[in-house]
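Reviewing the structure listed below.
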Number of protein chains: 2
Amino acid sequence: MTTSTASTSDTTSTQFNPSEWVIDSNGKSALSIRIKGDRIFKEESPFQTVEVFDTYDRGKMLTIDRMVMCTESDEANYHEMIVHVPMFANSGIKDVLVIGAGDGGTIRELVRHPGIERVTMVEIDEVVVRASKQFLPTISSALEHPKLNLLIDDGIKFVKEAKENSYDLVIIDSSDPVGPSEGLFTQSFYEDVFRCLRSHGTVAIQSESPLFHPDAFVDLNKCLKQVFGVDSVHPYLVFIPMYPSGMWSLTYCSKQGNHPVNNCDREKAAQFTLEHNLRYYNPDIHQAAFALPGYIQKMIQV
Amino acid sequence: MTTSTASTSDTTSTQFNPSEWVIDSNGKSALSIRIKGDRIFKEESPFQTVEVFDTYDRGKMLTIDRMVMCTESDEANYHEMIVHVPMFANSGIKDVLVIGAGDGGTIRELVRHPGIERVTMVEIDEVVVRASKQFLPTISSALEHPKLNLLIDDGIKFVKEAKENSYDLVIIDSSDPVGPSEGLFTQSFYEDVFRCLRSHGTVAIQSESPLFHPDAFVDLNKCLKQVFGVDSVHPYLVFIPMYPSGMWSLTYCSKQGNHPVNNCDREKAAQFTLEHNLRYYNPDIHQAAFALPGYIQKMIQV
């Protein structure tokens, strides 16, 4: 059941052949996912290397610069939680702006909400969109949806130029803060996001792993508290086995301090969960995700 | 920040040298932890290979047959949750039986509760106890505690021969169901556990990862429902980054159906959390842990 190897080769060592695996590592620990057959897709975009692989137990997998972006088996955990948490903590959301989200999973979850009238998606790299449309149809299924306005553009520039009070919800569905996503982790970016939100507006953000990227998690939390106010920034945790450590954070911020748990419409959320046969999200998970272990509370204490 | 490699060697491939890592793998995905320097300890016991390593960001690490048992940085998540959840869901716990737990972390958490009068610990492998005492002092610190009766013996035989109505709480803190722990995942074992519990008794069990060991998780859940009744078996989830997938389950069962959340003494739990400066457990986490994603609920539907 278990293959293993370590600094002193001995009888328990068996073959772990790195060439058969995608290894997402920070040099201290690593998540490895075994690849089935040959790589399905590779293209060097102006921004990054986009690849698609098949795996043994995660379905198809999209990587950017060899960091796992999503796998068919686990993407729902992430996409359901970044969308349905803000959607059920707020009512009357009609205009949504999404930055990133090239694989389309976030859009698929958004358009399940009939109240949403317009989704503007700004993805910098058309290669990610193309690869997802071609090889990840269950994730990218809504990228042609009539309510979607998909722009291939720089999200940082877009929010800087966006009109104020334009959106009820902004979702930052970015990759890690290296390469093109780096600017999505800065205060000036979130000041622009704040400005283009309507007065009751909310943001949901991919805010990294408290364990695998502790500095990014802590720095982003500080930055968001500067922009939204200390009491309006609520990190929440999701089990995402496709990402290293399995513990990933999203962060909910609201312009008027609308609380993500106290304001959750549990009954509506329960109906929706059932109706759409959701894989991960449900009203109990919505509440549970905001419970933070003591050591993570301490990381972001002000 | 990210090293990677995959089935077609190319420019993004960099060095992942398996000889520097402990790799806990099921052949499809793997968690790897990088080793610092030489192995600290290795002994082949009659049951298994016990080793201790130093790591770059997890502190010291204990492995059995190269499966990660615990790391200094993450052990509290597991040990606090397997002990304090049943302790605060029940009052008047005096006699505790622990099967396994050779590293001592579970005992360290138990003896923090002044109400406990006697802890009987049955660990089959004295090598695990010796290695932990010598190299993991912060985890094994309570293994000499006056309330502890530590027996090196077969836990399966022990519960078979134990008097009925002897314990208020039984904790099954076992390794994976291979080797000596295999018998800890059988119905006859849990029938014996049930028998030696007092009428108000409770069990907390290491019940594997729903993702990394789905069959073990599902089979054990079925078996526990046979013994304790469908409504008295409550799996809960803990973020354990030292285990593959990061999502691990523990299971709470009670002989009289005492509910783990409804019966939690939140106020007492909050005081205790503060007093002992717990790393992971708190009353919100206690409740949150029992919220299960839809796809895990479906795995164990009856």
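Chain labels A, B, ... are given in the sequence in which chains occur in the structure tokens; within each chain residues are numbered consecutively from 1, and ligands are likewise numbered from 1 in the order shown.
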
(request) Could you list, as a PyMOL selection string, the residues of chain B having an atom within 6 Å of chain A when counting only C-alpha atoms? (result) chain B and resi 1-7+19-26+28-34+56+66+241+245-246+279-280+284-285+288+291+293-295

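DSSP secondary structure from the backbone places B:Asp173, B:Leu197, B:Arg198, B:Ser199, B:His200, B:Gly201, B:Thr202, B:Val203, B:Ala204, B:Ile205, B:Gln206, B:Val233, B:His234, B:Pro235, B:Tyr236, B:Leu237, B:Val238, B:Phe239, B:Met247, B:Trp248, B:Ser249, B:Leu250, B:Thr251, B:Tyr252, B:Cys253, B:Ser254 of segment 173-293 of chain B in strand (DSSP E).
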
(message) Residues near segment 263-267 of chain B, anyone? I mean within 7 Å using only C-alpha atoms, not counting same-chain ones fewer than 4 positions away, as a list of chain:residue names.
(response) B:Phe88, B:Ala89, B:Asn90, B:Asn258, B:His259, B:Gln271, B:Pro283

(message) Using only C-alpha atoms, which protein or nucleic acid residues come within 9 Å of Thr251 of chain A? Drop anything in the same chain fewer than 5 positions from it, and give the result as a ChimeraX atom specification.
(response) /A:82,203-207,221,233-237

Tell me which protein, DNA and RNA residues are within 6 Å of Val170 of chain B, counting only C-alpha atoms, leaving out same-chain ones fewer than 3 positions away, and put them as a PDB file with C-alpha atoms, in the first residue's frame.
```pdb
ATOM      1  CA  VAL B  96      -9.989   5.694  30.153  1.00  0.00           C
ATOM      2  CA  LEU B  97      -8.610   2.880  28.010  1.00  0.00           C
ATOM      3  CA  VAL B  98      -6.273   3.794  25.149  1.00  0.00           C
ATOM      4  CA  VAL B 203     -15.312   5.697  21.970  1.00  0.00           C
TER       5      VAL B 203
END
```

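Taking atom CA of Arg198 of chain A and atom CA of Tyr167 of chain A as the two end points, the separation is 5.5 Å.
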
(request) Using only C-alpha atoms, determine which residues lie at most 7 Å from His200 of chain B, disregarding the query and same-chain residues fewer than 4 positions distant; provide the list as a PyMOL selection string. (result) chain B and resi 168+255-256

Expected file contents, prior selection, all heavy atoms, as a compact mmCIF listing (two decimals), in the first residue's frame:
```txt
# COMPACT_ATOMS: atom_id res chain seq x y z
N ASP B 168 -15.11 4.46 30.97
CA ASP B 168 -16.01 5.54 30.55
C ASP B 168 -15.69 5.99 29.12
O ASP B 168 -16.56 6.49 28.40
CB ASP B 168 -15.86 6.74 31.48
CG ASP B 168 -16.03 6.33 32.93
OD1 ASP B 168 -17.09 5.77 33.26
OD2 ASP B 168 -15.08 6.53 33.72
N LYS B 255 -22.40 4.67 23.60
CA LYS B 255 -23.22 3.49 23.90
C LYS B 255 -24.68 3.89 24.11
O LYS B 255 -25.58 3.14 23.76
CB LYS B 255 -22.67 2.82 25.17
CG LYS B 255 -22.94 1.33 25.28
CD LYS B 255 -22.05 0.70 26.32
CE LYS B 255 -22.38 -0.78 26.51
NZ LYS B 255 -21.45 -1.47 27.43
N GLN B 256 -24.90 5.10 24.62
CA GLN B 256 -26.28 5.56 24.87
C GLN B 256 -26.70 6.65 23.89
O GLN B 256 -27.69 7.33 24.11
CB GLN B 256 -26.41 6.08 26.31
CG GLN B 256 -26.52 4.98 27.35
CD GLN B 256 -26.70 5.55 28.75
OE1 GLN B 256 -26.44 6.73 28.99
NE2 GLN B 256 -27.12 4.70 29.68
```

(message) Let me make sure I understand: among B:Ile93, B:Ala76, B:Leu197, B:Ile99, which one has the smallest atom-to-atom distance to Ser181 of chain B if we use only C-alpha atoms?
(response) B:Ile99

(request) Could you please write out, as a PyMOL selection string, every residue of segment 15-141 of chain A that DSSP assigns to alpha helix (DSSP H)? (result) chain A and resi 75-89+105-110+126-135+137-140

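Those residues that approach Met299 of chain B to within 10 Å, counting only C-alpha atoms, are Pro210, Pro214, Asp215, Phe217, Val218, Asn221 and Gly294 of chain B; same-chain residues fewer than 5 positions away are not listed.
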
For N, CA, C and O atoms, I'd like the residues from the last selection saved as a PDB file, in the first residue's frame.
```pdb
ATOM      1  N   PRO B 210     -10.955   9.702   4.367  1.00  0.00           N
ATOM      2  CA  PRO B 210     -11.987   9.374   3.374  1.00  0.00           C
ATOM      3  C   PRO B 210     -11.467   9.426   1.938  1.00  0.00           C
ATOM      4  O   PRO B 210     -12.076   8.854   1.036  1.00  0.00           O
ATOM      5  N   PRO B 214     -10.235   5.404   1.279  1.00  0.00           N
ATOM      6  CA  PRO B 214     -11.700   5.437   1.290  1.00  0.00           C
ATOM      7  C   PRO B 214     -12.328   4.112   1.727  1.00  0.00           C
ATOM      8  O   PRO B 214     -13.320   4.109   2.461  1.00  0.00           O
ATOM      9  N   ASP B 215     -11.741   2.983   1.315  1.00  0.00           N
ATOM     10  CA  ASP B 215     -12.346   1.689   1.672  1.00  0.00           C
ATOM     11  C   ASP B 215     -12.289   1.459   3.174  1.00  0.00           C
ATOM     12  O   ASP B 215     -13.275   1.047   3.798  1.00  0.00           O
ATOM     13  N   PHE B 217     -12.128   3.712   5.519  1.00  0.00           N
ATOM     14  CA  PHE B 217     -13.053   4.662   6.147  1.00  0.00           C
ATOM     15  C   PHE B 217     -14.492   4.148   6.083  1.00  0.00           C
ATOM     16  O   PHE B 217     -15.210   4.109   7.085  1.00  0.00           O
ATOM     17  N   VAL B 218     -14.907   3.691   4.909  1.00  0.00           N
ATOM     18  CA  VAL B 218     -16.291   3.234   4.706  1.00  0.00           C
ATOM     19  C   VAL B 218     -16.548   1.921   5.454  1.00  0.00           C
ATOM     20  O   VAL B 218     -17.560   1.783   6.151  1.00  0.00           O
ATOM     21  N   ASN B 221     -16.798   2.494   9.177  1.00  0.00           N
ATOM     22  CA  ASN B 221     -18.055   3.159   9.515  1.00  0.00           C
ATOM     23  C   ASN B 221     -19.218   2.157   9.557  1.00  0.00           C
ATOM     24  O   ASN B 221     -20.027   2.169  10.487  1.00  0.00           O
ATOM     25  N   GLY B 294     -20.897  16.976   1.261  1.00  0.00           N
ATOM     26  CA  GLY B 294     -21.903  16.069   0.702  1.00  0.00           C
ATOM     27  C   GLY B 294     -21.324  14.755   0.214  1.00  0.00           C
ATOM     28  O   GLY B 294     -21.886  13.689   0.457  1.00  0.00           O
TER      29      GLY B 294
END
```

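When only C-alpha atoms are used to compute distances to Thr120 of chain A, the closest of the residues A:Ile40, A:Leu184, A:Val159, A:Ile139 turns out to be A:Val159.
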